[in-house]
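Engineer: This is the structure I want to talk about, given as structure tokens.
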Amino acid sequence: MTESSGVVIRSTGSACNVLTKEGKIVECRLKGNFRIQGIRSTNPLAVGDNVSFIIRDGDDVGLIDKIEPRHNYIIRKATKLSKHSHIIAANIDQAIVMVTLTSPRTSTGFIDRFLVTAEAYHIPAALIFNKIDNIFGEEITRLNRLIALYESLGYKCYKTSALQNIGIEDVKNLLKDKVSLLSGHSGVGKTALINAVQPGLMRKVGEISGYHQKGKHTTTFAEMLPLNFGGYIIDTPGIKEFGLVNFDKSEIAERFPEMRNLMHQCQFNNCTHIHEPGCAVKLALSKGLIDESRYRNYISIANDEYFEETDWD
Ligand SMILES: Nc1nc2c(ncn2[C@@H]2O[C@H](COP(=O)(O)OP(=O)(O)OP(=O)(O)O)[C@@H](O)[C@H]2O)c(=O)[nH]1
Ligand SMILES: [Mg+2]
Ligand SMILES: [Zn+2]
């Protein structure tokens with residue numbers, strides 16, 4: 001029997017691949033009687049988990065007997081009504097959401113839920129606006145407006161075309177020496193961007209097809225890929241909805257940087273910033289100091305509305 005340890009780079013439910021410190025990739029399973037404390041999750045093992053495992057003599061599959069405590073993780077509700085959650089990835093340095101304005105369209109509702117989740121776990125977040133080769137006219141105005149908005153809130157924004165190799169150097173600088181999670185709707189070009197950043201990876205890119213101009217979930221499992229210039233990137237399957245997990249209503253405004261600094265000026269210290277008099281947030285909104293879409297999404301999150309991108313959102 002040998003003992004070893006490493007990081008989960010691919011997880012398909014019960015089986016996973018572990019990259020050991022020696023640079024070997026070993027297929028592993030959870031030991032039969034293994035129980036995980038804490039969060040109720042549909043996937044006990046997530047990409048990014050540091051694990052220990054044993055290999056019995058004559059066997060080539062490892063049995064995981066220990067998962068190191070996670071520094072952090074990004075999590076969402078598994079399904080609309082489920083109490084279970086799905087861990088997208090663990091132990092990450094930054095969370096990146098890829099956005100496209102068309103083909104497919106990403107709404108600010110989706111973006112803001114993603115950012116709120118990252119804020120809740122104190123994970124720095126950035127936005128990549130991809131397919132800039134494919135936007136014209138008014139969409140360009142909308143793109144620049146969104147970038148101005150999110151940069152004003154402190155989030156780094158990048159414009160890219162994975163197809164035409166635009167903006168790739170800046171993205172490489174963002175990724176260098178960090179563990180980065182890349183998330184976004186199916187078909188926005190996550191995998192295509194990873195291929196542009198490191199052409200040798202040659203990962204499978206999907207087709208955008210049909211009337212709705214959405215992707216078809218070409219990437220089906222999250223996978224952590226070592227970058228030859230330092231760092232790792234986690235390619236994830238597209239998500240179309242985002243359910244927040246275990247949120248205390250009163251803490252949601254703190255996850256909005258523009259509200260965080262104003263909240264203490266509200267007349268009531270338990271202000272929900274929805275209907276109370278003397279609310280500093282609503283005052284700022286009326287002065288145009290808080291963006292309307294951000295406030296709308298705040299209300300939707302505070303009301304615990306489950307979010308699913310609709311076709312013409
Ligand atoms: N015009 C244009 N098309 C792009 C760009 N990036 C990706 N695409 C196309 O968009 C489609 C989807 O790309 P993928 O990389 O598979 O998208 P994904 O986000 O990985 O999708 P999932 O794996 O399903 O989550 C492919 O047809 C790509 O060629 C881009 O910058 N511009
Ligand atoms: Mg993909
Ligand atoms: Zn208030």
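Chain labels A, B, ... are given in the sequence in which chains occur in the structure tokens; within each chain residues are numbered consecutively from 1, and ligands are likewise numbered from 1 in the order shown.
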Would you kindly return, as an mmCIF file with C-alpha atoms, in the first residue's frame, each protein, DNA or RNA residue with an atom no farther than 7 Å from any atom of region 6-8 of chain A, considering only C-alpha atoms and excluding same-chain residues fewer than 3 positions away?
Structural biologist:
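Result saved to selection_28.cif:
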```cif
data_model
loop_
_atom_site.group_PDB
_atom_site.id
_atom_site.type_symbol
_atom_site.label_atom_id
_atom_site.label_comp_id
_atom_site.auth_asym_id
_atom_site.auth_seq_id
_atom_site.Cartn_x
_atom_site.Cartn_y
_atom_site.Cartn_z
ATOM 1 C CA SER A 11 -14.153 15.412 -10.899
ATOM 2 C CA CYS A 16 -11.786 12.066 -10.080
ATOM 3 C CA ASN A 17 -8.272 12.701 -11.303
ATOM 4 C CA VAL A 18 -5.664 13.828 -8.821
ATOM 5 C CA LEU A 19 -2.460 15.571 -9.854
ATOM 6 C CA THR A 20 0.240 14.531 -7.385
ATOM 7 C CA LYS A 21 3.159 16.672 -6.283
ATOM 8 C CA ALA A 46 -14.572 19.512 -6.097
ATOM 9 C CA VAL A 47 -11.881 20.577 -8.499
ATOM 10 C CA GLY A 48 -9.190 22.313 -6.485
ATOM 11 C CA ASP A 49 -9.569 20.113 -3.408
ATOM 12 C CA ASN A 50 -6.328 18.976 -1.813
ATOM 13 C CA VAL A 51 -6.627 15.305 -0.961
ATOM 14 C CA SER A 52 -4.692 12.358 0.430
#
```
Engineer: Select the residues contacting ligand 2 at a distance of at most 9 Å, based on only C-alpha atoms and all ligand atoms, then format the selection as a VMD selection string.
Structural biologist: chain A and resid 186 to 192 203 to 206 215 217 to 220 235 to 238
Engineer: Counting only C-alpha atoms and all ligand atoms, which protein, DNA or RNA residues come within 8 Å of ligand 3, given as a ChimeraX atom specification?
Structural biologist: /A:263,265-274,276-282
Engineer: Apply DSSP to the structure's backbone, then extract all residues of region 100-269 of chain A labelled helix (DSSP H, G or I) and return them as a VMD selection string.
Structural biologist: chain A and resid 108 to 120 132 to 134 138 to 152 168 to 175 190 to 197 199 to 201 249 to 251 253 to 255 257 to 260 263 to 265
Engineer: Which residues, written as a PyMOL selection string, have at least one atom at most 12 Å from region 134-145 of chain A, with only C-alpha atoms counted and residues fewer than 3 positions away on the same chain left out?
Structural biologist: chain A and resi 99-108+127-131+148-152+157-164+188+291+293
